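Shown below: final24.txt, with compact mmCIF, C-alpha atoms.
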# COMPACT_ATOMS: atom_id res chain seq x y z
CA MET A 2 -0.41 -202.19 128.14
CA GLY A 3 1.61 -199.14 129.03
CA THR A 4 1.03 -195.38 129.08
CA ARG A 5 -2.30 -193.67 128.44
CA LEU A 6 -1.86 -190.94 125.80
CA THR A 7 -4.35 -188.40 124.46
CA LEU A 8 -3.62 -186.86 121.06
CA GLY A 9 -5.24 -183.65 119.77
CA VAL A 10 -4.99 -182.38 116.21
CA ASP A 11 -6.33 -179.29 114.45
CA ASP A 12 -6.14 -177.05 111.38
CA THR A 13 -5.00 -179.49 108.70
CA ASP A 14 -7.45 -178.50 105.97
CA SER A 15 -7.84 -175.66 103.48
CA PRO A 16 -10.51 -174.55 100.98
CA HIS A 17 -8.78 -176.82 98.46
CA GLY A 18 -9.06 -180.06 100.38
CA MET A 19 -8.35 -182.34 103.33
CA CYS A 20 -10.37 -182.68 106.55
CA THR A 21 -9.04 -182.94 110.09
CA THR A 22 -11.50 -185.75 110.86
CA TYR A 23 -9.81 -187.79 108.13
CA VAL A 24 -6.37 -187.03 109.53
CA MET A 25 -7.51 -188.40 112.91
CA TYR A 26 -9.06 -191.43 111.18
CA ARG A 27 -5.67 -192.18 109.65
CA ILE A 28 -3.82 -191.54 112.94
CA ILE A 29 -6.06 -194.11 114.63
CA GLY A 30 -5.28 -196.59 111.87
CA ARG A 31 -1.53 -196.00 112.09
CA LEU A 32 -1.34 -196.34 115.89
CA ARG A 33 -3.49 -199.46 115.79
CA GLU A 34 -0.97 -201.01 113.41
CA LEU A 35 1.68 -200.35 116.05
CA GLY A 36 -0.29 -202.09 118.81
CA CYS A 37 -1.99 -199.08 120.42
CA ARG A 38 -5.51 -199.56 121.74
CA LEU A 39 -8.16 -196.89 121.37
CA VAL A 40 -9.80 -195.86 124.67
CA GLY A 41 -13.43 -194.87 124.20
CA PHE A 42 -14.65 -192.90 121.21
CA PRO A 43 -12.45 -190.54 119.25
CA ARG A 44 -13.79 -187.02 119.75
CA LEU A 45 -14.86 -184.28 117.33
CA VAL A 46 -15.03 -180.89 119.04
CA ARG A 47 -16.58 -177.91 117.28
CA LEU A 48 -14.99 -174.73 118.60
CA ASN A 49 -16.32 -171.13 118.70
CA PRO A 50 -18.23 -170.78 115.41
CA VAL A 51 -17.64 -167.02 115.16
CA CYS A 52 -13.90 -167.05 115.80
CA PRO A 53 -12.29 -165.00 112.98
CA HIS A 54 -9.41 -167.51 112.80
CA LYS A 55 -11.65 -170.54 112.43
CA THR A 56 -11.10 -173.26 109.86
CA ARG A 57 -13.86 -174.39 107.48
CA GLY A 58 -15.93 -176.27 110.07
CA ASN A 59 -13.83 -175.23 113.08
CA ALA A 60 -13.48 -178.82 114.24
CA ALA A 61 -10.62 -180.13 116.36
CA LEU A 62 -10.11 -183.85 116.95
CA SER A 63 -8.73 -185.99 119.76
CA ALA A 64 -8.38 -189.64 120.70
CA THR A 65 -7.01 -191.50 123.70
CA PHE A 66 -4.79 -194.58 123.40
CA LEU A 67 -3.15 -197.16 125.59
CA LEU A 68 0.37 -197.55 124.28
CA PRO A 69 1.93 -201.01 124.07
CA GLU A 70 4.75 -201.88 126.45
CA GLY A 71 7.97 -200.39 125.19
CA MET A 72 6.38 -197.53 123.22
CA SER A 73 7.03 -194.07 124.63
CA PRO A 74 4.71 -191.06 124.29
CA GLU A 75 7.42 -189.43 122.16
CA GLU A 76 7.37 -192.33 119.71
CA ALA A 77 3.57 -192.30 119.46
CA HIS A 78 3.60 -188.53 118.94
CA THR A 79 6.19 -188.88 116.19
CA GLU A 80 4.14 -191.55 114.41
CA ALA A 81 1.00 -189.39 114.57
CA LEU A 82 2.97 -186.39 113.37
CA GLY A 83 4.08 -188.38 110.35
CA VAL A 84 0.42 -188.83 109.39
CA VAL A 85 -0.25 -185.10 109.87
CA LEU A 86 2.72 -184.12 107.71
CA ASP A 87 1.71 -186.59 105.03
CA LEU A 88 -1.92 -185.40 104.79
CA ALA A 89 -2.22 -181.79 105.99
CA GLU A 90 -2.39 -178.87 103.58
CA VAL A 91 0.97 -177.58 104.82
CA ARG A 92 1.66 -175.66 101.61
CA GLU A 93 -1.22 -173.33 102.41
CA ARG A 94 0.16 -170.44 104.48
CA ARG A 95 -3.12 -169.96 106.35
CA THR A 96 -3.24 -173.63 107.33
CA ASN A 97 -1.53 -174.10 110.70
CA PRO A 98 -1.52 -177.83 111.52
CA ALA A 99 -0.84 -178.70 115.15
CA LEU A 100 -0.51 -181.88 117.20
CA VAL A 101 -0.62 -181.95 121.02
CA SER A 102 -0.08 -185.05 123.17
CA TYR A 103 -0.86 -185.42 126.87
CA SER A 104 0.37 -188.41 128.85
CA GLY A 105 -1.69 -189.21 131.94
CA GLU A 106 -4.97 -190.56 133.29
CA GLN A 107 -6.71 -187.24 133.96
CA VAL A 108 -6.40 -184.12 131.83
CA PRO A 109 -5.55 -181.14 134.13
CA GLU A 110 -8.52 -179.01 135.17
CA ASP A 111 -7.08 -175.79 133.75
CA VAL A 112 -6.80 -177.48 130.34
CA VAL A 113 -10.43 -178.62 130.62
CA GLU A 114 -11.47 -175.06 131.46
CA PHE A 115 -9.48 -173.72 128.51
CA SER A 116 -11.24 -176.14 126.15
CA ARG A 117 -14.67 -175.10 127.44
CA GLU A 118 -13.86 -171.45 126.83
CA ALA A 119 -12.56 -172.18 123.33
CA VAL A 120 -16.05 -173.38 122.38
CA LYS A 121 -17.71 -170.22 123.73
CA ARG A 122 -15.20 -167.37 123.43
CA MET A 123 -11.94 -166.16 121.98
CA VAL A 124 -8.90 -167.70 123.67
CA SER A 125 -5.28 -166.78 123.05
CA VAL A 126 -2.45 -168.76 121.52
CA SER A 127 -0.15 -167.60 124.32
CA ARG A 128 -2.46 -169.16 126.92
CA ALA A 129 -2.45 -172.44 125.00
CA VAL A 130 1.35 -172.41 124.82
CA HIS A 131 1.56 -171.65 128.56
CA LEU A 132 -0.66 -174.62 129.44
CA ILE A 133 1.24 -176.95 127.11
CA LYS A 134 4.53 -176.02 128.77
CA ARG A 135 3.10 -176.04 132.29
CA HIS A 136 1.95 -179.64 131.98
CA GLY A 137 4.91 -180.93 129.99
CA MET A 138 2.88 -181.84 126.92
CA LEU A 139 4.38 -182.76 123.57
CA ALA A 140 3.40 -180.26 120.90
CA THR A 141 4.24 -179.59 117.27
CA ALA A 142 2.97 -176.61 115.27
CA ILE A 143 3.52 -176.02 111.55
CA ASN A 144 3.26 -172.68 109.70
CA GLY A 145 2.66 -170.91 113.01
CA PRO A 146 1.19 -171.69 116.46
CA GLN A 147 -2.52 -170.92 115.82
CA GLY A 148 -3.50 -174.59 115.50
CA LEU A 149 -2.30 -175.27 119.06
CA VAL A 150 -5.48 -173.66 120.40
CA GLY A 151 -7.74 -176.25 118.78
CA ALA A 152 -5.44 -179.22 119.32
CA LEU A 153 -5.17 -178.47 123.05
CA SER A 154 -8.91 -177.81 123.29
CA ALA A 155 -9.65 -181.22 121.77
CA VAL A 156 -7.38 -182.87 124.34
CA GLY A 157 -9.22 -181.27 127.26
CA TYR A 158 -12.85 -181.09 126.18
CA ASP A 159 -15.27 -182.85 128.56
CA PHE A 160 -18.72 -182.31 126.93
CA PRO A 161 -20.26 -180.17 129.69
CA SER A 162 -23.51 -179.64 127.75
CA GLY A 163 -23.85 -183.25 126.58
CA TYR A 164 -22.93 -184.98 123.35
CA THR A 165 -24.13 -186.66 120.19
CA TYR A 166 -22.38 -188.92 117.66
CA GLU A 167 -21.43 -188.64 114.03
CA LEU A 168 -20.44 -191.45 111.69
CA ILE A 169 -18.16 -190.06 108.99
CA ALA A 170 -17.41 -192.16 105.90
CA TYR A 171 -14.46 -191.35 103.66
CA ARG A 172 -13.84 -191.44 99.92
CA VAL A 173 -10.97 -193.19 98.23
CA LYS A 174 -8.39 -190.74 96.91
CA GLU A 175 -9.35 -191.20 93.26
CA MET A 176 -12.92 -189.97 93.88
CA ARG A 177 -12.11 -186.76 95.70
CA GLY A 178 -13.17 -183.64 93.87
CA THR A 179 -15.91 -185.45 91.94
CA GLU A 180 -19.63 -185.43 92.64
CA ARG A 181 -20.53 -187.67 95.56
CA ARG A 182 -22.49 -190.72 94.42
CA VAL A 183 -24.99 -191.13 97.23
CA GLU A 184 -28.48 -191.82 95.90
CA ARG A 185 -30.72 -188.96 97.00
CA GLU A 186 -33.93 -190.91 97.66
CA SER A 187 -32.06 -193.43 99.78
CA VAL A 188 -31.03 -190.60 102.12
CA PHE A 189 -34.65 -189.54 102.57
CA ALA A 190 -35.62 -193.18 103.15
CA MET A 191 -32.83 -193.56 105.72
CA ASP A 192 -34.00 -190.40 107.47
CA ARG A 193 -37.50 -191.85 107.83
CA ALA A 194 -36.31 -195.29 108.91
CA PHE A 195 -33.88 -194.01 111.54
CA SER A 196 -35.70 -190.88 112.69
CA GLY A 197 -35.55 -191.96 116.34
CA CYS A 198 -31.77 -192.12 116.51
CA THR A 199 -30.42 -189.88 113.71
CA PHE A 200 -31.08 -186.24 112.92
CA ASP A 201 -30.39 -183.48 110.38
CA ASN A 202 -29.97 -185.93 107.51
CA VAL A 203 -32.16 -183.83 105.22
CA ASP A 204 -33.97 -180.52 105.06
CA ARG A 205 -37.48 -181.63 104.18
CA GLU A 206 -38.80 -178.10 103.72
CA TYR A 207 -36.36 -177.46 100.88
CA GLY A 208 -35.76 -181.03 99.73
CA GLU A 209 -32.01 -180.90 100.46
CA VAL A 210 -29.70 -183.75 101.43
CA ARG A 211 -27.62 -182.68 104.44
CA ILE A 212 -25.21 -185.59 104.93
CA THR A 213 -22.92 -184.95 101.94
CA PRO A 214 -20.57 -181.93 101.84
CA HIS A 215 -19.86 -179.93 98.70
CA THR A 216 -16.10 -179.51 99.09
CA PRO A 217 -13.22 -181.52 97.55
CA CYS A 218 -12.36 -183.02 100.95
CA PRO A 219 -12.06 -186.76 101.76
CA VAL A 220 -15.47 -186.90 103.48
CA LEU A 221 -18.10 -188.87 101.59
CA LEU A 222 -20.91 -188.35 104.11
CA GLY A 223 -21.67 -187.82 107.78
CA ILE A 224 -24.66 -189.23 109.69
CA ARG A 225 -25.45 -187.66 113.05
CA GLY A 226 -27.22 -189.49 115.81
CA THR A 227 -27.93 -189.98 119.49
CA ASP A 228 -27.33 -193.74 119.48
CA HIS A 229 -24.01 -194.87 118.04
CA ARG A 230 -25.32 -198.42 117.56
CA CYS A 231 -27.81 -197.38 114.88
CA LEU A 232 -25.36 -195.35 112.78
CA PRO A 233 -23.66 -198.27 110.97
CA ARG A 234 -27.11 -199.65 110.11
CA ALA A 235 -28.17 -196.23 108.82
CA LEU A 236 -25.05 -196.14 106.65
CA GLY A 237 -25.78 -199.65 105.38
CA SER A 238 -29.26 -198.61 104.26
CA LEU A 239 -27.90 -195.99 101.84
CA ARG A 240 -27.28 -196.62 98.17
CA VAL A 241 -23.69 -195.51 97.60
CA ASP A 242 -22.31 -195.91 94.09
CA GLU A 243 -18.63 -195.41 94.81
CA PRO A 244 -15.97 -197.21 96.87
CA VAL A 245 -15.68 -196.25 100.55
CA GLU A 246 -12.25 -196.15 102.16
CA GLY A 247 -13.66 -196.58 105.65
CA TRP A 248 -15.62 -194.88 108.42
CA VAL A 249 -15.40 -193.89 112.07
CA ILE A 250 -17.90 -192.82 114.73
CA TYR A 251 -16.96 -189.71 116.67
CA LYS A 252 -18.36 -188.54 119.96
CA THR A 253 -19.08 -184.84 119.42
CA ASN A 254 -20.49 -181.66 120.91
CA GLN A 255 -22.56 -181.00 117.77
CA ALA A 256 -26.21 -180.06 118.40
CA THR A 257 -25.60 -179.32 122.11
CA ASP A 258 -25.84 -175.49 122.16
CA ASP A 259 -22.54 -175.58 124.04
CA HIS A 260 -21.41 -172.43 122.22
CA ILE A 261 -24.21 -170.30 123.69
CA VAL A 262 -23.33 -167.79 126.43
CA GLU A 263 -26.36 -166.65 128.42
CA ILE A 264 -26.06 -162.94 129.24
CA GLY A 265 -28.18 -160.77 131.49
CA SER A 266 -28.37 -157.69 129.32
CA ILE A 267 -27.52 -156.32 125.89
CA GLY A 268 -24.84 -154.20 127.55
CA GLU A 269 -22.92 -157.41 128.31
CA LEU A 270 -22.52 -158.38 124.64
CA GLU A 271 -19.00 -159.64 123.97
CA PRO A 272 -17.57 -159.67 120.43
CA TYR A 273 -17.16 -163.05 118.75
CA THR A 274 -19.54 -164.94 121.01
CA SER A 275 -22.88 -166.65 120.53
CA VAL A 276 -25.43 -165.45 123.05
CA LYS A 277 -28.83 -165.97 124.59
CA ILE A 278 -30.48 -162.67 125.51
CA ARG A 279 -33.96 -161.63 126.63
CA ALA A 280 -35.31 -158.27 125.39
CA ARG A 281 -38.32 -156.49 123.87
CA VAL A 282 -38.81 -155.59 120.24
CA SER A 283 -38.37 -151.83 119.92
CA GLY A 284 -38.80 -151.17 116.21
CA MET A 285 -40.61 -152.38 113.13
CA PRO A 286 -38.91 -155.15 111.12
CA GLU A 287 -37.26 -154.26 107.82
CA VAL A 288 -36.11 -156.17 104.74
CA SER A 289 -32.86 -155.23 103.01
CA ARG A 290 -32.25 -155.30 99.27
CA GLY A 291 -30.57 -158.70 99.58
CA GLY A 292 -33.61 -160.24 101.26
CA HIS A 293 -32.22 -160.15 104.81
CA ALA A 294 -34.72 -159.42 107.62
CA PHE A 295 -33.81 -157.17 110.57
CA VAL A 296 -35.53 -155.96 113.73
CA GLU A 297 -34.27 -154.02 116.74
CA VAL A 298 -34.65 -155.20 120.34
CA SER A 299 -33.88 -153.28 123.51
CA ASP A 300 -33.60 -153.62 127.26
CA GLY A 301 -32.57 -151.21 129.98
CA SER A 302 -28.92 -151.41 128.95
CA GLY A 303 -29.11 -150.75 125.23
CA SER A 304 -30.30 -151.96 121.84
CA VAL A 305 -29.13 -154.51 119.27
CA ARG A 306 -30.30 -155.54 115.83
CA LEU A 307 -31.48 -159.09 115.19
CA ALA A 308 -30.80 -160.50 111.73
CA ALA A 309 -32.32 -163.38 109.80
CA TYR A 310 -30.20 -163.53 106.67
CA GLU A 311 -31.45 -164.67 103.28
CA PRO A 312 -30.19 -168.29 103.58
CA THR A 313 -32.55 -168.80 106.55
CA LYS A 314 -35.46 -168.60 104.05
CA SER A 315 -38.84 -169.08 105.78
CA PHE A 316 -37.41 -168.23 109.21
CA ARG A 317 -37.31 -164.61 108.02
CA ASN A 318 -41.12 -164.57 108.06
CA VAL A 319 -41.06 -164.92 111.85
CA ILE A 320 -38.87 -161.84 112.18
CA LEU A 321 -41.08 -159.86 109.82
CA LYS A 322 -44.12 -160.64 112.01
CA LEU A 323 -42.54 -159.17 115.15
CA ARG A 324 -43.89 -155.87 116.46
CA PRO A 325 -42.77 -153.34 119.09
CA GLY A 326 -43.52 -154.63 122.57
CA ASP A 327 -43.11 -158.33 121.76
CA GLU A 328 -40.93 -160.09 124.32
CA VAL A 329 -38.32 -162.46 122.87
CA VAL A 330 -35.31 -164.57 123.79
CA SER A 331 -32.76 -164.49 121.00
CA TYR A 332 -30.05 -167.06 120.28
CA GLY A 333 -27.30 -166.13 117.84
CA SER A 334 -23.81 -164.91 117.16
CA TYR A 335 -22.41 -161.43 117.65
CA ARG A 336 -19.59 -160.60 115.27
CA PRO A 337 -18.87 -156.87 114.91
CA SER A 338 -18.65 -155.57 111.36
CA PRO A 339 -17.20 -152.14 110.45
CA GLY A 340 -19.87 -149.66 109.43
CA GLU A 341 -22.71 -151.89 110.64
CA PRO A 342 -24.76 -151.54 113.86
CA PRO A 343 -24.31 -154.25 116.51
CA THR A 344 -26.14 -157.28 115.10
CA ILE A 345 -27.00 -160.76 116.35
CA ASN A 346 -27.13 -163.36 113.59
CA LEU A 347 -30.09 -165.45 114.71
CA GLU A 348 -30.06 -169.24 115.06
CA ARG A 349 -33.29 -169.50 117.04
CA ILE A 350 -35.82 -167.20 118.70
CA GLU A 351 -38.35 -167.75 121.48
CA VAL A 352 -41.39 -165.48 121.36
CA LEU A 353 -42.45 -165.22 125.01
CA GLY A 354 -45.25 -162.74 124.58
CA VAL A 355 -47.06 -161.10 121.67
CA ALA A 356 -48.00 -157.46 122.31
CA THR A 357 -51.16 -155.69 121.22
CA TYR A 358 -50.01 -153.53 118.36
CA GLY A 359 -51.80 -150.92 116.30
CA ARG A 360 -51.17 -147.81 114.24
CA PRO A 361 -52.96 -144.47 114.49
CA SER A 362 -55.68 -143.96 111.91
CA ASN A 363 -58.13 -141.17 111.03
CA PRO A 364 -61.50 -141.66 112.75
CA ARG A 365 -64.51 -143.10 110.98
CA CYS A 366 -67.47 -140.88 110.18
CA PRO A 367 -70.28 -141.60 112.69
CA VAL A 368 -72.85 -140.96 109.96
CA CYS A 369 -71.68 -143.06 106.97
CA GLY A 370 -68.70 -145.00 108.33
CA SER A 371 -66.10 -143.68 105.87
CA ARG A 372 -62.64 -142.64 106.96
CA MET A 373 -62.57 -138.93 107.60
CA LYS A 374 -59.96 -136.44 106.37
CA SER A 375 -57.92 -134.18 108.64
CA GLU A 376 -58.54 -130.46 108.14
CA GLY A 377 -55.18 -129.58 109.66
CA ARG A 378 -53.69 -129.37 113.15
CA GLY A 379 -56.41 -128.48 115.65
CA LYS A 380 -59.11 -128.04 112.97
CA GLY A 381 -60.77 -131.44 113.33
CA TYR A 382 -61.92 -133.84 110.61
CA SER A 383 -64.39 -133.84 107.73
CA CYS A 384 -66.06 -136.63 105.76
CA GLU A 385 -65.71 -136.28 102.02
CA ALA A 386 -68.47 -138.86 101.45
CA CYS A 387 -71.34 -137.22 103.35
CA GLY A 388 -70.03 -133.78 104.43
CA TYR A 389 -70.07 -134.42 108.20
CA THR A 390 -67.47 -132.40 110.16
CA SER A 391 -66.24 -132.50 113.74
CA ARG A 392 -63.59 -130.50 115.61
CA LEU A 393 -63.73 -133.00 118.51
CA ALA A 394 -62.93 -136.17 116.57
CA GLU A 395 -59.54 -137.81 117.34
CA LYS A 396 -57.33 -140.41 115.72
CA GLU A 397 -58.10 -143.99 116.72
CA LEU A 398 -55.81 -146.98 117.16
CA LEU A 399 -56.21 -149.48 114.36
CA VAL A 400 -55.27 -152.75 116.10
CA GLU A 401 -53.39 -155.24 113.96
CA GLU A 402 -54.58 -158.83 113.96
CA ARG A 403 -51.42 -160.70 114.92
CA GLU A 404 -50.52 -163.90 113.07
CA LEU A 405 -47.51 -164.61 115.27
CA VAL A 406 -48.04 -166.79 118.33
CA ALA A 407 -45.79 -167.43 121.31
CA GLY A 408 -43.39 -170.30 120.74
CA THR A 409 -39.88 -171.25 119.67
CA TYR A 410 -38.78 -170.84 116.06
CA GLU A 411 -35.53 -172.02 114.45
CA VAL A 412 -33.70 -171.65 111.17
CA PRO A 413 -34.18 -174.53 108.69
CA ALA A 414 -31.76 -177.44 108.80
CA ARG A 415 -29.95 -176.10 105.73
CA ALA A 416 -28.88 -173.00 107.70
CA ARG A 417 -28.24 -174.58 111.09
CA ARG A 418 -24.80 -174.33 112.70
CA HIS A 419 -23.04 -177.53 113.73
CA LEU A 420 -23.41 -176.65 117.42
CA SER A 421 -27.03 -175.47 117.35
CA ARG A 422 -29.47 -177.90 118.93
CA PRO A 423 -32.61 -178.62 116.87
CA ILE A 424 -35.88 -178.04 118.69
CA GLY A 425 -36.94 -181.21 120.50
CA LEU A 426 -33.59 -183.01 120.26
CA SER A 427 -32.46 -184.62 123.51
CA VAL A 428 -28.68 -184.88 123.71
CA LEU A 429 -26.82 -187.46 125.76
CA ARG A 430 -25.40 -186.66 129.19
CA GLY A 431 -22.61 -188.15 131.28
CA LYS A 432 -20.09 -190.64 130.01
CA SER A 433 -20.91 -193.40 127.58
CA LEU A 434 -20.29 -196.96 128.73
CA ILE A 435 -17.10 -197.31 126.69
CA ASP A 436 -15.53 -193.89 127.33
CA ASP A 437 -12.97 -195.29 129.77
CA MET A 438 -12.53 -198.72 128.20
CA ALA A 439 -9.72 -199.89 125.96
CA ILE A 440 -11.73 -201.17 123.01
CA GLN A 441 -10.85 -204.72 122.04
CA ASP A 442 -13.09 -204.89 118.97
CA LEU A 443 -13.37 -201.64 117.03
CA SER A 444 -15.76 -202.98 114.41
CA GLU A 445 -18.77 -201.13 115.85
CA ILE A 446 -17.13 -197.71 115.67
CA TYR A 447 -14.28 -197.94 113.15
CA LYS A 448 -13.73 -199.63 109.81
What is this structure when it is put down as structure tokens?
Amino acid sequence: MGTRLTLGVDDTDSPHGMCTTYVMYRIIGRLRELGCRLVGFPRLVRLNPVCPHKTRGNAALSATFLLPEGMSPEEAHTEALGVVLDLAEVRERRTNPALVSYSGEQVPEDVVEFSREAVKRMVSVSRAVHLIKRHGMLATAINGPQGLVGALSAVGYDFPSGYTYELIAYRVKEMRGTERRVERESVFAMDRAFSGCTFDNVDREYGEVRITPHTPCPVLLGIRGTDHRCLPRALGSLRVDEPVEGWVIYKTNQATDDHIVEIGSIGELEPYTSVKIRARVSGMPEVSRGGHAFVEVSDGSGSVRLAAYEPTKSFRNVILKLRPGDEVVSYGSYRPSPGEPPTINLERIEVLGVATYGRPSNPRCPVCGSRMKSEGRGKGYSCEACGYTSRLAEKELLVEERELVAGTYEVPARARRHLSRPIGLSVLRGKSLIDDMAIQDLSEIYK
């Protein structure tokens, strides 16, 4: 075999259809036909979830190949580009498909660093273009250069916070846009049978199936897991009443919390990032007309509002039970909105300590036990029930019996971001056994 080539692709979809994972699935198929060998797993990289330029799921894809003798990187790039041009939603002006190819054994460290930042922060197109030129990469951008950011990031991503897997099965063209025919009860049965190696298949609290999207894209379903070997068996256990074009298992940064930036104070908040911040509750929670729950937290550097929006359902109850003085660690995204106070959209919250909280109340009558009435500032209190009066009586603190206990609380599966790690999930670390191997038999990860 000849040259080692890594291809990255991004931004091929639109609200009307297509999916970049499917484009990569088809690129793998095309290059295999030409004698290329896949090295390790293809990779699905979720980028910064609060980037204002993000695509529907903000996923970029990459795969590494060993080219056959006689095939140049330029030829492989051209073949992959043909697949992109054939499938991408290029007629949509806001769709900016891009393909980047790097030829070499080790991706340069500055490209790896760029890809890590693209998951956590805003990165510029100009920086992506600079790196592509600096390292002599092949690159093609359509409808503008924005897609180069994701394509390059997929080439360089090294899973610094660990990884999981996702098996994605695809629909035949004739079925796209119709209701997906995956029997609901079989998904719940699969979730029970494979609970040790798959996750987020369903939201049991709300009875929702989570593996099937609701868009007209080519994806039939996606099963996430921590053991790639169990995913084909999980797929096989489902009752699917429509033809399946094929499937592929991606190595992915989903459910790793890799998007979270830990900051030391509220004053360090950076727009369009997802943060972890420790602070104290400084106000009473409120509910807006739309059913969203808010509460303010503060530290020595400033204050910020925490939000549990209506789609988080029961998670809002946790926010409504917070009281001033409670100590919390908040995980969520900060995306400035004109006319709104700085707000963190919560994904998870750790309650470290529950404060004693009470509200001032008129004193009780020492004679009959009734609540007394104030006679005015400095005039004391009187009891309407028995007539007792006192100028020395003072308000007392009516301590609230707290229902909230210290612990970690998360949004339901139905509202969880791709990158957010469910409580208790252990992600994989280091390289998998086949990451550096040219795969001879793809049947376990690609069909």
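Minimum atom-to-atom distances from A:Ile264, A:Ala129, A:Val329, A:Ala416 to Asn346 of chain A were compared using all atoms listed in the file, and the lowest value belongs to A:Ala416.
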Within 6 Å of segment 58-80 of chain A, which residues of segment 86-169 of chain A show up? Give each one with its shortest atom-to-atom distance in Å (one decimal) and the two atoms involved, counting only C-alpha atoms, rows by chain then rising residue number, as CSV.
residue,atom,partner,partner_atom,distance
A:Gly151,CA,A:Ala61,CA,5.4
A:Ala155,CA,A:Ser63,CA,5.3
A:Val156,CA,A:Ser63,CA,5.7
ask   = How would you write as a ChimeraX atom specification the residues that get within 6 Å of (-15.1, -194.6, 113.2) in the file's frame, counting all atoms listed in the file?
value = /A:248-250,446-447
Could you please take those selected residues and save C-alpha atoms as a JSON list (two decimals), keeping the file's coordinate frame?
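File produced: result.json:
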[["chain", "number", "residue", "atom", "x", "y", "z"],
["A", 248, "TRP", "CA", -15.62, -194.88, 108.42],
["A", 249, "VAL", "CA", -15.40, -193.89, 112.07],
["A", 250, "ILE", "CA", -17.90, -192.82, 114.73],
["A", 446, "ILE", "CA", -17.13, -197.71, 115.67],
["A", 447, "TYR", "CA", -14.28, -197.94, 113.15]]
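Counting all atoms listed in the file, the residue from A:Phe189, A:Tyr273, A:Tyr23, A:Phe195 that sits nearest to Tyr335 of chain A is A:Tyr273.
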Surrounding residues of Val368 of chain A excluding itself and chain neighbours under 5 positions, 12 Å, all atoms listed in the file, as a ChimeraX atom specification = /A:373,383-391
Restricted to C-alpha atoms, what would the selected residues look like written as an mmCIF file, in the frame of the given file?
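Dumped everything to out_13.cif:
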data_model
loop_
_atom_site.group_PDB
_atom_site.id
_atom_site.type_symbol
_atom_site.label_atom_id
_atom_site.label_comp_id
_atom_site.auth_asym_id
_atom_site.auth_seq_id
_atom_site.Cartn_x
_atom_site.Cartn_y
_atom_site.Cartn_z
ATOM 1 C CA MET A 373 -62.570 -138.930 107.600
ATOM 2 C CA SER A 383 -64.390 -133.840 107.730
ATOM 3 C CA CYS A 384 -66.060 -136.630 105.760
ATOM 4 C CA GLU A 385 -65.710 -136.280 102.020
ATOM 5 C CA ALA A 386 -68.470 -138.860 101.450
ATOM 6 C CA CYS A 387 -71.340 -137.220 103.350
ATOM 7 C CA GLY A 388 -70.030 -133.780 104.430
ATOM 8 C CA TYR A 389 -70.070 -134.420 108.200
ATOM 9 C CA THR A 390 -67.470 -132.400 110.160
ATOM 10 C CA SER A 391 -66.240 -132.500 113.740
#
